[in-house]
Amino acid sequence: MKRLVMVVLVALAAMGVAFASGQGEGEYPRGALDFVAPGGAGGGWDLTIRTTARVLAESGLVNAPMPVRNNPGAGGSVHLASLQEKPEADDIITVYSPPLILTQLAGTSEFGYEDVTPLARLIADYAVFVVKDDSPYRTMTDVMEALQADIKGVKIGGNSSAGSMDHLQFLIMAKAAGITDLREIDYVSFDEGGSAMVMGGHIDIFSTGLSEVRGLIESGDLRALAQSAPHRVGEGIVGAIPTAMEQGIDATFVNWRGLFGPPAMPEYAVQFWRETLASMVETPEWEEARRTNGWDDAYMDGPEFNEFLSQVDQEYRGILSEIGMLAN
Amino acid sequence: METLTFLFEGLSIAIQPLNLMWVTIGGILGTLIGMLPGLGPATGVAVLLPMTFVLGPQASLITMAGVYYGAMYGGSRSSILINTPGAGAAVAATFDGYPMTLKGRAEAALAISAIASFIGGIIATIIMIAVALPVARFALHFGPAEYFMLFVFALSATASMSKGDTIKGFIATVLGLMISSIGIDGQSGVKRFTFGVLELEAGIDFLVVIIAVYALGEVFKSFRGIAEGTKKAQTKFGRIWITREDWRRSMWPILRSAPFGFFIGALPGAGGTMAALLSYSNERQLSKHPEEFGEGAIEGVAAPESANNAASVGAMIPMLTLGIPGSGTTAVMMGALLMLGLQPGPMLFQQQSTIVWTLIASMFFGNIILAFVNIPMAGALVRVLAVPPKILYPIVMGLAFVGTFAISYSLVDFYLLIIFGIVGFFMAKAQIPTTPLILAVIVGNSMEQSFRRAYTIADGDLGIFFGSPLAITLFVLTALSIFGPMVANAVRARRAVQAA
């Protein structure tokens with residue numbers, strides 16, 4: 001009888017030790033993680049974080065459950081604000097892209113890239129500037145010359161609101177091409193139907209992301225004048241789109257996407273994700289997912305990513321203040 | 001001819017038991033989601049999104065499409081029974097559906113809405129097979145100026161068909177336009193009337209306004225009747241079917257509204273709500289007895305139900321053929337396609353013809369299955385009316401809050417819900433129609449943005465609004481919608497005088 005009690009006690013003690021070590025930093029992540037897309041289902045952020053969660057699970061890098069939650073609102077600012085309420089959470093992983101910086105510069109959000117912890121930059125998508133198949137503009141230089149001659153003569157359309165990504169990426173090109181009165185360029189914001197507008201001939205040039213118009217470029221309905229990548233990206237017809245730099249416009253625009261934690265994420269969690277994501281980008285599953293989605297590899301480790309963010313922040317600031325849209 | 005080959009190939013795949021099962025699951029899920037205020041097809045499709053990795057493109061597309069048109073079947077159930085549209089596109093079903101219920105004809109209203117949805121869906125699918133590509137190309141002629149004129153037409157048609165007082169209809173429209181101006185202005189990036197509330201920056205979701213005005217408004221309105229015990233539950237129920245006379249009156253409105261709804265649905269950004277409301281106003285103008293509209297005319301249920309289901313089929317055209325999502329639901333579906341590595345666009349029909357044609361073929365089976373499922377389901381649903389009002393209405397109130405939360409998980413929406421519920425109550429008191437308000441909230445922002453887009457494109461020349469045959473046609477229709485009823489009334493009054 002005594003013996004049995006001893007056995008039970010020892011067993012309990014052993015379990016206790018095991019349990020305690022389960023609480024330790026070595027065993028992170030404990031329990032389910034909270035993956036958040038700060039936008040709606042089916043959008044770019046949503047696709048990125050869902051794909052990441054799937055690759056992490058399939059490759060066995062993370063064994064904890066990684067359900068994806070959507071917390072949309074105000075261009076991601078709603079989620080950004082809610083992250084500030086749990087600054088030290090170690091289980092919230094979220095995705096952002098240039099709007100993280102732009103919403104703050106435009107005054108939509110009081111928070112910005114300094115209020116999250118960059119874990120890794122993962123992928124990039126690039127801007128592409130497209131015209132209707134029978135447009136007189138053959139190159140990006142044609143467009144810039146037309147703007148020099150008559151600043152109101154070319155109507156630029158995009159799907160984001162004024163001062164946001166689609167607008168900004170065109171202005172970066174225009175600035176590099178030597179156009180000085182950026183403020184006078186007419187930008188027309190569409191909610192989602194911009195590609196129909198350029199196909200219907202209602203606007204002259206459509207500034208958008210490559211993934212949004214790939215199908216229409218491949219079918220020949222739209223002609224791409226330039227992509228904003230530093231090097232040609234993509235295969236087939238898409239790969240044949242010249243970069244702006246090749247056309248003498250010395251500028252690039254990267255629509256990066258990366259993962260972030262809350263502002264004061266504990267060091268062990270930051271360490272875990274930096275290492276895990278570094279291994280993830282090397283897996284064949286990730287390469288396959290990137291190829292399927294047409295994403296360019298843009299991996300950058302946390303600290304380096306932070307450096308990059310402060311650079312683009314400066315660049316965006318400059319452009320927005322030139323067009324009088326900088327909030328502060 | 002080639003089309004037929006593809007179609008038969010699609011039919012042969014869609015009829016496989018597994019695919020039939022998916023379409024049935026999607027359709028029933030959609031019907032259930034559609035019935036609940038706040039939860040619409042976009043939510044239903046989003047819920048399915050994680051499953052696409054498991055199901056593969058074929059099955060997930062079939063299921064998602066099933067959810068989409070299933071929601072059109074379901075949305076009108078709650079419109080008819082408790083005067084609370086389950087989704088935006090079901091608003092029009094309240095106009096005559098609920099009066100029919102009050103007259104004890106809920107069974108006929110439920111039956112005709114299922115029948116009309118079925119016929120509308122089938123006709124739209126046939127049109128899609130025949131003219132998907134030309135329709136998509138034609139829709140490109142709609143530039144900002146044409147969209148603006150279209151929205152003006154929709155608003156004026158809805159405002160002027162308001163029961164009784166046209167002026168009150170326009171007052172409601174203006175109120176709706178004011179609400180729609182809240183949020184970030186796309187053309188300038190300026191925040192308007194947000195008072196520092198982050199959640200208001202994306203504007204006020206029209207679903208919140210619909211739930212508030214209809215569900216809460218209905219609860220407030222019934223409160224007195226419930227307190228005094230004069231509002232009684234229904235005890236006897238008939239068969240879910242329609243009379244020969246009902247069919248005679250509904251047949252042409254159903255047949256006319258299907259192609260119409262299909263086309264409106266195919267215009268990116270126009271959508272099922274507009275299709276349903278415009279077809280309602282059409283039928284009212286064409287009818288020999290317009291005074292019965294709003295009092296429980298069966299064709300007032302049939303026409304919008306046919307139109308909104310046809311619109312849900314039409315809405316897939318810009319997504320499939322051009323890669324342009326025309327509605328919230330198709331935007332999520334497009335996300336699903338992209339996740340699976342399929343590129344929606346003109347090449348999809350060529351590169352992935354089997355997937356596309358199976359999807360189209362599945363819509364035939366889906367609509368047939370849904371018609372069969374919905375009629376017996378209506379027999380069960382109609383018994384909601386047997387629930388004593390003092391139990392039913394608190395449940396409606398609870399559903400309103402749950403549905404509102406489901407829209408964007410935002411607590412701010414609760415305040416808006418209550419505010420607009422009170423607004424809706426006083427509008428009813430003052431006999432100001434609520435539909436123009438709803439439509440104005442839905443299209444107001446797009447209308448304003450379209451105007452300003454056109455204005456920028458034309459360098460401030462207003463001539464752009466009359467610059468194309470399409471724009472002029474829409475202008476003429478707008479004028480007719482405002483002055484037509486006035487002239488008709490004058491003529492009628494004159495005849496009456498002469499007859500006397």
# chains A, B, ... in the order shown; residues from 1 in each chain; ligands from 1
>>> closest_atom_pairs(of="chain B", to="chain A", cutoff="7 Å", atoms="only C-alpha atoms", output="tab-separated table")
residue	atom	partner	partner_atom	distance
B:Ala46	CA	A:Ala41	CA	5.7
B:Leu140	CA	A:Gly200	CA	4.7
B:His141	CA	A:Gly200	CA	5.6
B:Gly143	CA	A:His202	CA	5.8
B:Gly186	CA	A:Ser161	CA	4.2
B:Gln187	CA	A:Ala162	CA	5.4
B:Ser188	CA	A:Ala162	CA	5.4
B:Gly189	CA	A:Ala162	CA	5.1
B:Leu198	CA	A:Ala74	CA	6.7
B:Glu199	CA	A:Gly73	CA	6.5
B:Glu201	CA	A:Ala74	CA	5.7
B:Ala202	CA	A:Ala74	CA	5.5
B:Pro268	CA	A:Gly193	CA	6.8
B:Leu322	CA	A:Leu216	CA	6.9
B:Ile324	CA	A:Gly193	CA	6.4
B:Ala331	CA	A:Gly42	CA	6.9
B:Val332	CA	A:Gly42	CA	4.6
B:Gly335	CA	A:Gly42	CA	4.1
B:Ala336	CA	A:Gly42	CA	6.4
B:Leu338	CA	A:Asn293	CA	6.7
B:Met339	CA	A:Leu47	CA	6.6
B:Gly341	CA	A:Thr292	CA	4.8
B:Gln343	CA	A:Gly215	CA	5.8
B:Pro344	CA	A:Gly215	CA	6.2
B:Gly345	CA	A:Gly215	CA	4.7
B:Pro346	CA	A:Ser219	CA	6.1
B:Met347	CA	A:Ser219	CA	5.8
B:Ser408	CA	A:Pro72	CA	6.9
B:Arg453	CA	A:Val188	CA	5.8
B:Ile457	CA	A:Lys155	CA	6.4
>>> select_by_dssp(residues="segment 27-222 of chain A", states="strand (DSSP E)", output="PyMOL selection string")
chain A and resi 34-37+68-70+92-96+117-132+156-158+187-189+205-209+222
>>> atom_distance(atom1="atom CA of Leu267 of chain B", atom2="atom CA of Met319 of chain B")
10.5 Å
>>> residues_around(residues="Ile210 of chain B", least_positions_apart="5", cutoff="9 Å", atoms="only C-alpha atoms", output="MDAnalysis selection string")
chainID B and resid 37:38 84:85 87:88 91 215 420 438
>>> residues_around(residues="segment 244-253 of chain A", least_positions_apart="2", cutoff="10 Å", atoms="only C-alpha atoms", output="ChimeraX atom specification")
/A:124-129,139-141,144,165,168-170,172-178,225-232,241-242,255-256,312
>>> atom_distance(atom1="atom CA of Gly217 of chain B", atom2="atom CA of Ala111 of chain B")
26.0 Å
>>> atom_distance(atom1="atom CA of Pro17 of chain B", atom2="atom CA of Phe365 of chain B")
11.4 Å
>>> residues_around(residues="segment 107-110 of chain B", least_positions_apart="5", cutoff="8 Å", atoms="only C-alpha atoms", output="VMD selection string")
chain B and resid 77 80 97 100 to 101 237 to 243 298 301 375 378 to 379 382
>>> write_last_selection(atoms="N, CA, C and O atoms", output="JSON list (two decimals), in the first residue's frame")
[["chain", "number", "residue", "atom", "x", "y", "z"],
["B", 77, "ARG", "N", -36.98, 35.06, -46.91],
["B", 77, "ARG", "CA", -37.82, 34.35, -45.92],
["B", 77, "ARG", "C", -38.15, 35.28, -44.75],
["B", 77, "ARG", "O", -39.30, 35.44, -44.36],
["B", 80, "ILE", "N", -40.37, 38.32, -45.59],
["B", 80, "ILE", "CA", -41.79, 38.02, -45.70],
["B", 80, "ILE", "C", -42.41, 37.77, -44.33],
["B", 80, "ILE", "O", -43.47, 38.29, -44.01],
["B", 97, "GLY", "N", -44.30, 41.35, -49.57],
["B", 97, "GLY", "CA", -44.25, 40.07, -48.87],
["B", 97, "GLY", "C", -44.84, 40.18, -47.48],
["B", 97, "GLY", "O", -45.65, 39.34, -47.07],
["B", 100, "MET", "N", -48.53, 40.67, -47.38],
["B", 100, "MET", "CA", -49.20, 39.40, -47.67],
["B", 100, "MET", "C", -49.30, 38.57, -46.40],
["B", 100, "MET", "O", -50.34, 37.95, -46.14],
["B", 101, "THR", "N", -48.22, 38.56, -45.60],
["B", 101, "THR", "CA", -48.25, 37.83, -44.34],
["B", 101, "THR", "C", -49.33, 38.38, -43.42],
["B", 101, "THR", "O", -50.09, 37.64, -42.81],
["B", 237, "PHE", "N", -52.33, 27.17, -40.68],
["B", 237, "PHE", "CA", -51.43, 27.31, -41.80],
["B", 237, "PHE", "C", -51.91, 26.50, -42.99],
["B", 237, "PHE", "O", -52.41, 25.38, -42.83],
["B", 238, "GLY", "N", -51.73, 27.06, -44.17],
["B", 238, "GLY", "CA", -52.13, 26.35, -45.38],
["B", 238, "GLY", "C", -50.93, 25.72, -46.04],
["B", 238, "GLY", "O", -49.83, 25.72, -45.51],
["B", 239, "ARG", "N", -51.16, 25.18, -47.24],
["B", 239, "ARG", "CA", -50.09, 24.56, -47.99],
["B", 239, "ARG", "C", -49.23, 25.66, -48.61],
["B", 239, "ARG", "O", -49.72, 26.74, -48.96],
["B", 240, "ILE", "N", -47.91, 25.37, -48.73],
["B", 240, "ILE", "CA", -47.03, 26.34, -49.37],
["B", 240, "ILE", "C", -47.20, 26.22, -50.88],
["B", 240, "ILE", "O", -46.54, 25.41, -51.54],
["B", 241, "TRP", "N", -48.11, 26.95, -51.44],
["B", 241, "TRP", "CA", -48.28, 26.92, -52.88],
["B", 241, "TRP", "C", -49.05, 28.16, -53.31],
["B", 241, "TRP", "O", -49.50, 28.94, -52.46],
["B", 242, "ILE", "N", -49.19, 28.32, -54.62],
["B", 242, "ILE", "CA", -49.89, 29.52, -55.08],
["B", 242, "ILE", "C", -51.12, 29.12, -55.90],
["B", 242, "ILE", "O", -51.23, 27.98, -56.36],
["B", 243, "THR", "N", -52.02, 30.06, -56.08],
["B", 243, "THR", "CA", -53.21, 29.79, -56.87],
["B", 243, "THR", "C", -52.90, 30.07, -58.35],
["B", 243, "THR", "O", -51.90, 30.69, -58.68],
["B", 298, "ILE", "N", -48.89, 40.09, -55.26],
["B", 298, "ILE", "CA", -47.95, 38.97, -55.34],
["B", 298, "ILE", "C", -46.82, 39.23, -56.32],
["B", 298, "ILE", "O", -45.68, 38.80, -56.12],
["B", 301, "VAL", "N", -43.65, 40.59, -55.00],
["B", 301, "VAL", "CA", -42.68, 39.67, -54.40],
["B", 301, "VAL", "C", -41.94, 38.93, -55.52],
["B", 301, "VAL", "O", -40.72, 38.76, -55.48],
["B", 375, "ILE", "N", -39.25, 24.78, -50.70],
["B", 375, "ILE", "CA", -40.71, 24.74, -50.51],
["B", 375, "ILE", "C", -41.08, 23.99, -49.23],
["B", 375, "ILE", "O", -41.79, 24.55, -48.39],
["B", 378, "ALA", "N", -40.01, 26.07, -46.28],
["B", 378, "ALA", "CA", -40.92, 27.18, -46.02],
["B", 378, "ALA", "C", -42.09, 26.73, -45.16],
["B", 378, "ALA", "O", -42.59, 27.47, -44.30],
["B", 379, "GLY", "N", -42.52, 25.48, -45.38],
["B", 379, "GLY", "CA", -43.61, 24.94, -44.58],
["B", 379, "GLY", "C", -43.28, 24.92, -43.10],
["B", 379, "GLY", "O", -44.14, 25.15, -42.25],
["B", 382, "VAL", "N", -42.70, 28.90, -41.87],
["B", 382, "VAL", "CA", -43.88, 29.74, -41.72],
["B", 382, "VAL", "C", -44.45, 29.63, -40.30],
["B", 382, "VAL", "O", -45.12, 30.52, -39.81]]
>>> select_by_dssp(residues="segment 138-185 of chain A", states="alpha helix (DSSP H)", output="ChimeraX atom specification")
/A:140-149,165-176
>>> residues_around(residues="segment 399-404 of chain B", least_positions_apart="2", cutoff="8 Å", atoms="only C-alpha atoms", output="list in words")
Leu36, Pro37, Gly38, Leu39, Leu207, Val208, Ile211, Ala212, Ala215, Leu216, Ile395, Val396, Met397, Ala406, Ile407, Ser408, Tyr409, Asp413, Phe414 and Leu417 of chain B
>>> residues_around(residues="Leu171 of chain A", least_positions_apart="5", cutoff="9 Å", atoms="only C-alpha atoms", output="ChimeraX atom specification")
/A:166,176,179,182,185,319
>>> closest_residue(among="B:Val213, B:Met161, B:Leu20, B:Leu48", to="Ala428 of chain B", atoms="only C-alpha atoms")
B:Val213
>>> closest_residue(among="B:Phe260, B:Tyr393, B:Phe475, B:Phe95", to="Phe151 of chain B", atoms="only C-alpha atoms")
B:Phe475
>>> closest_residue(among="B:Ala270, B:Ala90, B:Ile418, B:Ala71", to="Ala303 of chain B", atoms="only C-alpha atoms")
B:Ala90
